[in-house]
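These notes concern the structure reproduced below.
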Amino acid sequence: MDILEAKEKVVKAGLELVKSGLIARTWGNVSCRIDDEYFVITPSGRSYESLTPDDIVIVKIEDCSYESEIKPSSEKGVHATAYKLRPDVNFVIHTHQKNASAVSFLGYDINMIPEESRNIIGSDIPVASYGLPGTGKLRKGVTAALERSDSKAVIMAHHGALCVGSDYDEAFAVARELEKVCGKFLLDRLEAVSGKISDNIAAVAEHIAEVSEGAKKQAQLFEPYTSERDGSTIIMNPVDGGESVRIDLKTGKEVAKCDNYPASAELHRAVYNKRDDVNCIVHSKKPEIVAASRIGGTFKPLLDDFAQLVGVTLRTGEYNPSNTVKTAKKVVRKLKGRNAVLVKDNGAICAAGNMYDAEAVEMVLEKELRADAAAKLIGDAKYINKIESILMRVIYKTKYSKKNETNK
């Protein structure tokens, strides 16, 4: 394939990944084979929305060497392996799609593939053993999965999925079909365990919340707001629409008289006053996140991007609009060292330096809690160990996030 054409296809694919929701932020990567010796791949830590063909890096299949000053994706070795083992593969996408990630804790391959899906994916879906992102161990696990199966989709344990095809269209068709198959896998398991029939994947998390002891104790509900620091004030906007409210950070009073002072104003103010690194808050009430907030307690990482973006654990605090100052402080303590905290029965506060990052935290949190519900439904989940979680969090905070900020 012509090099420029291959690069343009990769740029197009990156935009499609973002649009389709198959990735969050700059997670995932895309490549296209040029010939038997070379492929082109997305760069490391660059926003897909800003990519041009000049940013796409040419990499040698044999040894992953490259001559560009731009660093290629750290997962270039996984892509090279796919091209080596599959001569018919010309396009590879590595996604962090929700349903495939939700079952990535499985220690076994998925063999029950619906007949209509086999023509697209294959007769099974292998689950590659876990390795830290960008490591030889990760590549080794994917290699073994590709060698033992002719599937066009591989689930990467605790990480995401690898989807391959003869061209751009087939690779994306595989990714979309993989999401359907993994969703059906979970809903079939829900029916087998509980007798509940549903076509909504959030039903898995809702079922886990219903049978949980933590859900028996209920907290007071309040309206969710997003907010943004603006000098010595914060601007709060109702998630469901309505009038914005500007609040003084020091006093907690509205700058201009409003008809609906937010019940969560003290909670937002407490976060900003405690965390200089936080400038934006998204209060998420995604179904999986609300279900987890009903359960409460502490959640450990099943997905490595959760450990990176959110923290080594996710904790729960209870905010009472009738006792704002005291309970807000308790919730903020649960947020320490993290970018999200569950608020009992009220979803989660996702906090970051800008709205782009806060929304990415929400996306990753939703995906993690879908995986956690699936793990509780199926059982026998192995979480990422604490040392690896800490390592990923530190590397992300000290290197990757700063690089991404520079490239935006």
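We name chains A, B, ... following the order of the structure tokens; residues begin at 1 in each chain, and ligands are numbered from 1 as shown.
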- Picked from segment 53-120 of chain A by DSSP as helix (DSSP H, G or I), as a list of chain:residue names: A:Pro53, A:Asp54, A:Asp55, A:Lys76, A:Gly77, A:Val78, A:His79, A:Ala80, A:Thr81, A:Ala82, A:Tyr83, A:Lys84, A:Leu85, A:Lys98, A:Asn99, A:Ala100, A:Ser101, A:Ala102, A:Glu115, A:Glu116, A:Ser117, A:Arg118
Please identify all polymer residues within 12 Å of Asn260 of chain A, counting only C-alpha atoms, omitting same-chain residues fewer than 5 positions from it, and present them as a PDB file with N, CA and C atoms, in the first residue's frame.
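So around_5.pdb came out as:
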ATOM      1  N   GLU A 223     -29.347  16.588  43.417  1.00  0.00           N
ATOM      2  CA  GLU A 223     -29.195  16.843  41.982  1.00  0.00           C
ATOM      3  C   GLU A 223     -27.712  16.927  41.591  1.00  0.00           C
ATOM      4  N   TYR A 225     -24.414  18.123  39.530  1.00  0.00           N
ATOM      5  CA  TYR A 225     -23.916  19.301  38.815  1.00  0.00           C
ATOM      6  C   TYR A 225     -22.500  19.028  38.312  1.00  0.00           C
ATOM      7  N   MET A 236     -21.224  26.330  38.511  1.00  0.00           N
ATOM      8  CA  MET A 236     -21.898  25.041  38.583  1.00  0.00           C
ATOM      9  C   MET A 236     -23.058  24.990  37.596  1.00  0.00           C
ATOM     10  N   ASN A 237     -23.151  23.856  36.875  1.00  0.00           N
ATOM     11  CA  ASN A 237     -24.204  23.664  35.880  1.00  0.00           C
ATOM     12  C   ASN A 237     -24.954  22.372  36.143  1.00  0.00           C
ATOM     13  N   PRO A 238     -26.291  22.418  36.221  1.00  0.00           N
ATOM     14  CA  PRO A 238     -27.052  21.180  36.430  1.00  0.00           C
ATOM     15  C   PRO A 238     -26.821  20.193  35.285  1.00  0.00           C
ATOM     16  N   GLY A 242     -30.405  23.589  32.968  1.00  0.00           N
ATOM     17  CA  GLY A 242     -30.936  24.603  33.866  1.00  0.00           C
ATOM     18  C   GLY A 242     -29.952  25.744  34.040  1.00  0.00           C
ATOM     19  N   GLU A 243     -30.259  26.632  34.951  1.00  0.00           N
ATOM     20  CA  GLU A 243     -29.485  27.854  35.157  1.00  0.00           C
ATOM     21  C   GLU A 243     -28.141  27.565  35.833  1.00  0.00           C
ATOM     22  N   SER A 244     -27.088  28.216  35.332  1.00  0.00           N
ATOM     23  CA  SER A 244     -25.769  28.120  35.960  1.00  0.00           C
ATOM     24  C   SER A 244     -25.745  28.945  37.242  1.00  0.00           C
ATOM     25  N   VAL A 245     -24.893  28.520  38.165  1.00  0.00           N
ATOM     26  CA  VAL A 245     -24.752  29.225  39.433  1.00  0.00           C
ATOM     27  C   VAL A 245     -23.265  29.488  39.665  1.00  0.00           C
ATOM     28  N   ARG A 246     -22.920  30.735  39.983  1.00  0.00           N
ATOM     29  CA  ARG A 246     -21.535  31.080  40.303  1.00  0.00           C
ATOM     30  C   ARG A 246     -21.411  31.251  41.815  1.00  0.00           C
ATOM     31  N   GLU A 254     -23.509  32.451  46.701  1.00  0.00           N
ATOM     32  CA  GLU A 254     -23.660  32.705  45.275  1.00  0.00           C
ATOM     33  C   GLU A 254     -23.259  34.142  44.968  1.00  0.00           C
ATOM     34  N   ALA A 265     -23.252  22.183  46.458  1.00  0.00           N
ATOM     35  CA  ALA A 265     -22.287  23.286  46.342  1.00  0.00           C
ATOM     36  C   ALA A 265     -21.137  23.134  47.330  1.00  0.00           C
TER      37      ALA A 265
END
- Task: Compile the contact shell of segment 340-342 of chain A as a PyMOL selection string: residues with an atom at most 8 Å away, counting only C-alpha atoms, same-chain residues fewer than 4 positions apart removed.
- Result: chain A and resi 289+292-293+296+310-311+314-317+331+334-335+346-351+361
Can you spit out the residues from that selection as a short mmCIF file (atom, residue, chain, number, x, y, z; two decimals), in the first residue's frame, using N, CA and C atoms?
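And here is the file that came out, result_0.cif:
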data_model
loop_
_atom_site.label_atom_id
_atom_site.label_comp_id
_atom_site.auth_asym_id
_atom_site.auth_seq_id
_atom_site.Cartn_x
_atom_site.Cartn_y
_atom_site.Cartn_z
N ILE A 289 -22.17 3.34 37.43
CA ILE A 289 -21.56 4.13 38.50
C ILE A 289 -22.54 4.31 39.65
N ALA A 292 -22.76 1.04 41.59
CA ALA A 292 -21.62 0.85 42.49
C ALA A 292 -21.73 1.74 43.72
N SER A 293 -22.26 2.96 43.53
CA SER A 293 -22.41 3.86 44.68
C SER A 293 -23.47 3.36 45.65
N GLY A 296 -21.39 0.72 47.65
CA GLY A 296 -20.45 1.39 48.55
C GLY A 296 -19.19 0.58 48.78
N VAL A 310 -7.68 6.87 37.47
CA VAL A 310 -8.50 7.08 38.67
C VAL A 310 -7.70 6.91 39.95
N GLY A 311 -6.98 5.81 40.08
CA GLY A 311 -6.21 5.57 41.29
C GLY A 311 -6.10 4.09 41.59
N LEU A 314 -10.81 2.79 44.51
CA LEU A 314 -11.93 3.73 44.46
C LEU A 314 -12.70 3.58 45.75
N ARG A 315 -12.90 4.67 46.46
CA ARG A 315 -13.56 4.62 47.76
C ARG A 315 -14.92 5.31 47.71
N THR A 316 -15.71 5.11 48.76
CA THR A 316 -17.06 5.67 48.83
C THR A 316 -17.21 6.56 50.05
N GLY A 317 -17.78 7.73 49.84
CA GLY A 317 -18.12 8.62 50.95
C GLY A 317 -19.59 8.99 50.88
N VAL A 331 -16.10 13.12 52.35
CA VAL A 331 -16.02 12.66 50.97
C VAL A 331 -14.68 13.05 50.35
N LYS A 334 -11.89 10.80 51.14
CA LYS A 334 -11.94 9.56 50.35
C LYS A 334 -11.37 9.78 48.94
N LEU A 335 -11.33 11.04 48.50
CA LEU A 335 -10.82 11.38 47.18
C LEU A 335 -9.30 11.54 47.17
N ASN A 346 -25.37 8.24 44.98
CA ASN A 346 -25.44 9.42 44.11
C ASN A 346 -24.40 9.41 43.00
N GLY A 347 -23.92 8.24 42.59
CA GLY A 347 -22.96 8.21 41.51
C GLY A 347 -21.55 8.54 41.97
N ALA A 348 -20.84 9.35 41.19
CA ALA A 348 -19.44 9.63 41.50
C ALA A 348 -19.05 11.04 41.12
N ILE A 349 -18.11 11.58 41.89
CA ILE A 349 -17.45 12.83 41.56
C ILE A 349 -16.16 12.49 40.81
N CYS A 350 -16.06 12.96 39.56
CA CYS A 350 -14.86 12.75 38.74
C CYS A 350 -14.15 14.10 38.63
N ALA A 351 -12.92 14.17 39.15
CA ALA A 351 -12.23 15.44 39.27
C ALA A 351 -10.91 15.43 38.51
N VAL A 361 -11.96 10.53 32.89
CA VAL A 361 -12.07 9.80 34.16
C VAL A 361 -13.44 9.14 34.26
#
Write out as a PDB file with C-alpha atoms, in the first residue's frame which residues come within 10 Å of Met392 of chain A when counting only C-alpha atoms, dropping same-chain ones fewer than 6 positions away.
ATOM      1  CA  LEU A 132       1.754  -4.244  31.980  1.00  0.00           C
ATOM      2  CA  PRO A 133       1.082  -1.847  29.057  1.00  0.00           C
ATOM      3  CA  ASP A 304      -5.173  -0.951  34.055  1.00  0.00           C
ATOM      4  CA  ASP A 305      -6.448   2.344  32.623  1.00  0.00           C
ATOM      5  CA  PHE A 306      -8.539   2.674  35.781  1.00  0.00           C
ATOM      6  CA  ALA A 307      -5.395   2.337  37.904  1.00  0.00           C
ATOM      7  CA  GLN A 308      -3.748   4.988  35.746  1.00  0.00           C
ATOM      8  CA  LEU A 309      -6.501   7.610  35.468  1.00  0.00           C
ATOM      9  CA  GLY A 311      -6.207   5.566  41.292  1.00  0.00           C
ATOM     10  CA  VAL A 312      -5.123   2.353  42.947  1.00  0.00           C
ATOM     11  CA  LYS A 386      -1.354  -3.457  44.222  1.00  0.00           C
TER      12      LYS A 386
END
- As a check of understanding: the span from atom CA of Met156 of chain A to atom CA of Ile295 of chain A is 27.7 Å
- Message: Need to verify the contact set: segment 19-22 of chain A, 10 Å, only C-alpha atoms, exclusion of same-chain residues closer than 6 positions in sequence. Can you return it as a VMD selection string?
- Response: chain A and resid 13 28 49 94 to 100 160 to 161 172 175 to 176 179 363
- Which residues, written as a PyMOL selection string, have at least one atom at most 12 Å from Asp169 of chain A, with only C-alpha atoms counted and residues fewer than 3 positions away on the same chain left out? chain A and resi 9-10+12-13+16+32+89-93+120+163-166+172-176
- Residue neighbourhood Val40 of chain A, 9 Å, only C-alpha atoms, exclusion window fewer than 6 positions, as a PyMOL selection string: chain A and resi 3+6-7+10+30-34+56-60+72
- Note on the structure: If you count only C-alpha atoms, the residue of A:Glu266, A:Asp277, A:Glu170, A:Asp372 closest to Gly337 of chain A turns out to be A:Asp277
- Query: From the list A:Leu267, A:Met355, A:Ala219, A:Val103, which residue is nearest Asp380 of chain A when using only C-alpha atoms?
  - Reply: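 Under the stated criterion, the closest residue is A:Val103.
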